[in-house]
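Peer 1: The structure is given below, and queries will be raised subsequently.
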2 protein chains.
Amino acid sequence: MSKIRVLQWGLGAMGGGMARLMLEKEGLEIVAAVDARPDFVGKDLGAVLEVGRTLGVTVTSDADSVLEKDKVDLVLLATTSWTKEQMPDLRKILNAGINCISIAEELAAPEAQNPDLAQELDDLAKRNGVSLLGTGVNPGFVLDLLVVALSGGCHSVERIEASRVNDLSPYGPTVMKTQGVGTTPEAFKKGVAEGSIVGHVGFPESIRMISDALGLGVDRIEETREPIISRTHRETRHVKVAPGMVAGCAHIGIGYRGAREVVKLIHPQQVRPELENQETGDYIHIYGKPEIHMAIKPEVAGGLATVGIAVNMIPHVVAATPGVKRMIDLPAPAALMGPTAYARRV
Amino acid sequence: MSKIRVLQWGLGAMGGGMARLMLEKEGLEIVAAVDARPDFVGKDLGAVLEVGRTLGVTVTSDADSVLEKDKVDLVLLATTSWTKEQMPDLRKILNAGINCISIAEELAAPEAQNPDLAQELDDLAKRNGVSLLGTGVNPGFVLDLLVVALSGGCHSVERIEASRVNDLSPYGPTVMKTQGVGTTPEAFKKGVAEGSIVGHVGFPESIRMISDALGLGVDRIEETREPIISRTHRETRHVKVAPGMVAGCAHIGIGYRGAREVVKLIHPQQVRPELENQETGDYIHIYGKPEIHMAIKPEVAGGLATVGIAVNMIPHVVAATPGVKRMIDLPAPAALMGPTAYARRV
């Protein structure tokens, strides 16, 4: 078995995690690493990842110098959440004739927010004979791919409701800020209006994937972001929330076909949910024939699973036909534990 | 959108259900129907399905007369559980240059029990430029595809345990017999030894799919069938089970890599499980990093979902590259509710 040669682009919490995971995988080889951080550039990747050994791969800030089709099978891109911001890099990668997996949330279904850019990417990928996938735990897995797969035995589907209840406690100040944790309810509302409190990035993408896969005809998506007001004192290493203050963001996305609600996705993100007896978990309810009621408790671990899915999808993307792919277009992801996992049928 | 033209082969409980479901689907058209039952042959399919209208399709016992490549895009085959028994019909279909979905349990991963026949089928399909899929609720969905998909975010998987607890009460005398319901524990053991009590058909196929997809390297599969001895009086329309008698078959399949158990699938099938406080459901536990614990309660409805999955996979199989496919090789199934569900990306 020849190894799949991967270029890791972006060495932050997610990208660094992917690189570390790839080191454990017999079918994958990291052949290059790109990151612009001055304290990373010029260092051996082993030192940057703190794995206690030299890997013979020097981190560079100059992607052009390592985007060589003959040496790289796939780029793992972990730099931003937004399609528009990632376009210059995506153009470089696809024009170099190299496959790509990105964890930019918007790329999970790029046509949802940026149809013109999605078309450009699909054209570029096809012209260069490569494929591009956007993925992650959510969007990309829990509130879309799993929903679609669970509908697989249904004769009809009237309505779908799915929720992901998680705990933000491990996260740092940036996440606390973008979710409004620790603010007053008034500051929360102002932050949402101004765009500084964003909640979850991915509802339009997840709803688009579900609607496309099942043919639900969603023609309008509405999102609401409400403060989760704490009734108790909640505290983490990075934030203190007094009763009456905001413990998180209850973000809901609803997909309508005409006046009819067909997909409702619910994602309350908060610190210390257990203090108010909220059990974390992923829940999917499909109302139709037959009904399906699924629960995963606790929820699929967020950061860990985003790293895992991005790496685990590598063989599928390398084997895929050219073009922009979504998780609903490719075979189901699988943990890469041995040789047969890399030798997937096309 | 041009409709996908389907030949329904087999009009029993499952095949008839598929035909009725296809009548509701705007993207599918039944263009032919094959069944050898004398009371079906020569009748209009609408009369056979008892749908209260004429469909303009006459049921025939002569498959050769309707296996026309220019008129049929796919055959839905619902005739038997066994690959060997289905080979003559499969050869006909593939040699006619027509795609096929079969609900024969062994075809979910034909290489598991019949590697030579699987190779022949793959060669035939490729030579004729068509694809063949074996599917159903189990094998094909609950204890294999869902298991694989749920591992998609895992960094590592040590061991998998999954169970499907269902209720046989709706089924008739044949199922009661093949599961040993109503017999004595002694008669059950004799029936298992003689092969008249078979339990579930599908463990080698499910374990093979999981092992292949994740690369778990399973090299040995063991199955045990034990009587579920009732502690209470259980009764259905077709059977009475006194305390001490057999209420069903606890069938377990274990996949080993060397001496190590890596996949354990548990499928107790019995009548009236609620009388002994057994909740029906599908349960998947993945032990690794991270752990995943999933429950679907009640279980995905068996017969209904087999019919649903077979029909819902039609667009994927028509769009697939040539060859024998398993559920782990194709995009996730999705309920077919509108136009975009038929226009799947390849």
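Residues are referred to by chain and number: the chain letter is A, B, ... according to the order shown in the structure tokens, the number counts from 1 in that chain, and ligands are numbered separately from 1 in the order shown.
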Please, which residues of chain A lie no more than 7 Å from chain B when the count uses only C-alpha atoms, and can they be set out as a PyMOL selection string?

Peer 2: chain A and resi 21+148-149+151-156+212-217+290+292-297+300-301+305-306+308-309+312+321+328-341+345-346

Peer 1: So that I can check the secondary structure, give me every residue of region 127-264 of chain A assigned alpha helix (DSSP H) by backbone DSSP, as an MDAnalysis selection string.

Peer 2: chainID A and resid 127 145:150 173:178 185:194 203:214

Peer 1: Could you find all residues in region 61-141 of chain A that DSSP calls strand (DSSP E or B) from the backbone, and write them as a ChimeraX atom specification?

Peer 2: /A:74-77,99-102,131-134

Peer 1: With the cut-off set at 8 Å and counting only C-alpha atoms, tabulate each residue of region 44-72 of chain A with an atom at most that distance from an atom of region 87-104 of chain A, showing the nearest atom pair and its distance in Å to one decimal, ordered by chain and increasing number, as CSV.

Peer 2:
```
residue,atom,partner,partner_atom,distance
A:Asp64,CA,A:Lys92,CA,7.8
A:Leu67,CA,A:Ala96,CA,6.3
A:Glu68,CA,A:Ala96,CA,6.7
A:Lys69,CA,A:Gly97,CA,5.7
A:Val72,CA,A:Ile98,CA,6.9
```

Peer 1: Those residues you just picked out, can you put them in a file as an mmCIF file, in the first residue's frame with C-alpha atoms?

Peer 2:
```cif
data_model
loop_
_atom_site.group_PDB
_atom_site.id
_atom_site.type_symbol
_atom_site.label_atom_id
_atom_site.label_comp_id
_atom_site.auth_asym_id
_atom_site.auth_seq_id
_atom_site.Cartn_x
_atom_site.Cartn_y
_atom_site.Cartn_z
ATOM 1 C CA ASP A 64 3.480 27.924 -3.525
ATOM 2 C CA LEU A 67 2.007 22.793 -3.685
ATOM 3 C CA GLU A 68 3.480 20.229 -6.037
ATOM 4 C CA LYS A 69 1.066 17.833 -7.686
ATOM 5 C CA VAL A 72 1.176 15.919 -2.614
#
```

Peer 1: Just the residues within 6 Å of Val75 (chain A), please, counting only C-alpha atoms, with nothing from its chain fewer than 6 positions along; format it as an MDAnalysis selection string.

Peer 2: chainID A and resid 6:8 100

Peer 1: Please provide the set of residues having any atom within 10 Å of region 35-47 of chain B, restricted to only C-alpha atoms, with same-chain residues fewer than 3 positions apart removed, written as a list in words.

Peer 2: Gln8, Trp9, Gly10, Leu11, Gly12, Gly15, Gly16, Ala19, Arg20, Leu23, Ile30, Ala32, Glu50, Val51, Gly52, Arg53, Thr54, Leu55, Gly56, Val57, Thr58, Val59, Thr60, Ser61, Asp62, Ala63, Ala78 and Thr79 of chain B

Peer 1: Report, in Å with one decimal, the straight-line distance from CA of Gly248 (chain B) to CA of Glu194 (chain B).

Peer 2: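 CA of Glu194 (chain B) lies 17.0 Å from CA of Gly248 (chain B).
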
Peer 1: What is the CA of His233 (chain A)-CA of Pro273 (chain A) distance in Å, reported with one decimal?

Peer 2: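 Computing it gives 11.1 Å between the two atoms.
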
Peer 1: When you draw a straight line from CA of Gly182 (chain B) to CA of Val239 (chain B), how long is it in Å?

Peer 2: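 Rounded to one decimal, the two atoms are 6.4 Å apart.
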
Peer 1: Write out as a ChimeraX atom specification each polymer residue whose atoms come within 9 Å of Thr83 (chain B), counting only C-alpha atoms; drop sequence neighbours fewer than 2 positions from it.

Peer 2: /B:80-81,85-87,90,104-107,110,113-114,117-118

Peer 1: For C-alpha atoms, I'd like the residues from the last selection saved as an mmCIF file, in the first residue's frame.

Peer 2:
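And here is the file that came out, again_37.cif:
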```cif
data_model
loop_
_atom_site.group_PDB
_atom_site.id
_atom_site.type_symbol
_atom_site.label_atom_id
_atom_site.label_comp_id
_atom_site.auth_asym_id
_atom_site.auth_seq_id
_atom_site.Cartn_x
_atom_site.Cartn_y
_atom_site.Cartn_z
ATOM 1 C CA THR B 80 -34.396 -14.925 -1.566
ATOM 2 C CA SER B 81 -31.836 -14.389 1.214
ATOM 3 C CA GLU B 85 -29.812 -19.168 -4.989
ATOM 4 C CA GLN B 86 -30.022 -15.752 -6.636
ATOM 5 C CA MET B 87 -27.057 -16.184 -9.000
ATOM 6 C CA LEU B 90 -28.329 -11.902 -11.095
ATOM 7 C CA ALA B 104 -30.854 -10.868 -0.330
ATOM 8 C CA GLU B 105 -29.107 -10.594 3.046
ATOM 9 C CA GLU B 106 -25.973 -12.339 1.814
ATOM 10 C CA LEU B 107 -25.586 -9.833 -1.024
ATOM 11 C CA PRO B 110 -21.311 -11.136 -0.950
ATOM 12 C CA GLN B 113 -19.823 -15.997 2.448
ATOM 13 C CA ASN B 114 -19.170 -16.506 -1.265
ATOM 14 C CA LEU B 117 -19.477 -15.624 -6.611
ATOM 15 C CA ALA B 118 -18.783 -12.060 -5.425
#
```

Peer 1: Excluding Gly258 (chain B) and residues on its chain fewer than 2 positions from it, collect all residues at most 9 Å away from it, counting only C-alpha atoms, and give them as a list in words.

Peer 2: Gly217, Val218, Asp219, Arg220, Tyr256, Arg260 and Glu261 of chain B

Peer 1: Write the residues of the preceding selection, restricted to all heavy atoms, as a CSV table (one decimal), in the first residue's frame.

Peer 2:
```
chain,number,residue,atom,x,y,z
B,217,GLY,N,-9.4,-5.6,10.5
B,217,GLY,CA,-8.7,-6.8,10.3
B,217,GLY,C,-9.3,-8.1,10.9
B,217,GLY,O,-8.6,-9.0,11.4
B,218,VAL,N,-10.6,-8.1,10.9
B,218,VAL,CA,-11.3,-9.3,11.5
B,218,VAL,C,-10.9,-10.5,10.6
B,218,VAL,O,-11.0,-10.5,9.4
B,218,VAL,CB,-12.8,-9.1,11.5
B,218,VAL,CG1,-13.6,-10.5,11.8
B,218,VAL,CG2,-13.3,-8.1,12.5
B,219,ASP,N,-10.4,-11.6,11.3
B,219,ASP,CA,-10.0,-12.8,10.5
B,219,ASP,C,-10.8,-14.0,10.9
B,219,ASP,O,-10.6,-15.1,10.4
B,219,ASP,CB,-8.5,-13.0,10.7
B,219,ASP,CG,-8.1,-13.0,12.2
B,219,ASP,OD1,-8.9,-13.4,13.0
B,219,ASP,OD2,-7.0,-12.6,12.4
B,220,ARG,N,-11.8,-13.9,11.8
B,220,ARG,CA,-12.6,-15.0,12.2
B,220,ARG,C,-13.9,-14.5,12.8
B,220,ARG,O,-13.9,-13.5,13.5
B,220,ARG,CB,-11.8,-15.8,13.3
B,220,ARG,CG,-12.5,-17.0,13.8
B,220,ARG,CD,-11.5,-17.9,14.7
B,220,ARG,NE,-10.9,-17.1,15.7
B,220,ARG,CZ,-11.3,-17.0,17.0
B,220,ARG,NH1,-12.4,-17.7,17.3
B,220,ARG,NH2,-10.7,-16.3,17.9
B,256,TYR,N,-13.4,-11.5,15.4
B,256,TYR,CA,-12.1,-11.5,16.1
B,256,TYR,C,-10.9,-11.1,15.2
B,256,TYR,O,-10.9,-11.5,14.0
B,256,TYR,CB,-11.7,-12.9,16.6
B,256,TYR,CG,-12.7,-13.4,17.7
B,256,TYR,CD1,-13.8,-14.1,17.3
B,256,TYR,CD2,-12.4,-13.1,19.1
B,256,TYR,CE1,-14.7,-14.6,18.3
B,256,TYR,CE2,-13.3,-13.6,20.0
B,256,TYR,CZ,-14.4,-14.4,19.7
B,256,TYR,OH,-15.3,-14.8,20.6
B,260,ARG,N,-8.4,-11.5,19.7
B,260,ARG,CA,-9.0,-10.3,20.3
B,260,ARG,C,-10.4,-10.0,19.7
B,260,ARG,O,-10.6,-10.0,18.4
B,260,ARG,CB,-8.1,-9.1,19.9
B,260,ARG,CG,-8.4,-7.9,20.7
B,260,ARG,CD,-7.7,-6.7,20.1
B,260,ARG,NE,-8.3,-5.5,20.6
B,260,ARG,CZ,-7.8,-4.8,21.6
B,260,ARG,NH1,-6.7,-5.1,22.2
B,260,ARG,NH2,-8.5,-3.7,22.0
B,261,GLU,N,-11.4,-9.9,20.5
B,261,GLU,CA,-12.8,-9.6,20.0
B,261,GLU,C,-12.8,-8.1,19.7
B,261,GLU,O,-12.6,-7.2,20.5
B,261,GLU,CB,-13.8,-9.9,21.2
B,261,GLU,CG,-15.2,-9.5,20.9
B,261,GLU,CD,-16.1,-9.6,22.1
B,261,GLU,OE1,-16.0,-10.7,22.8
B,261,GLU,OE2,-16.8,-8.7,22.4
```
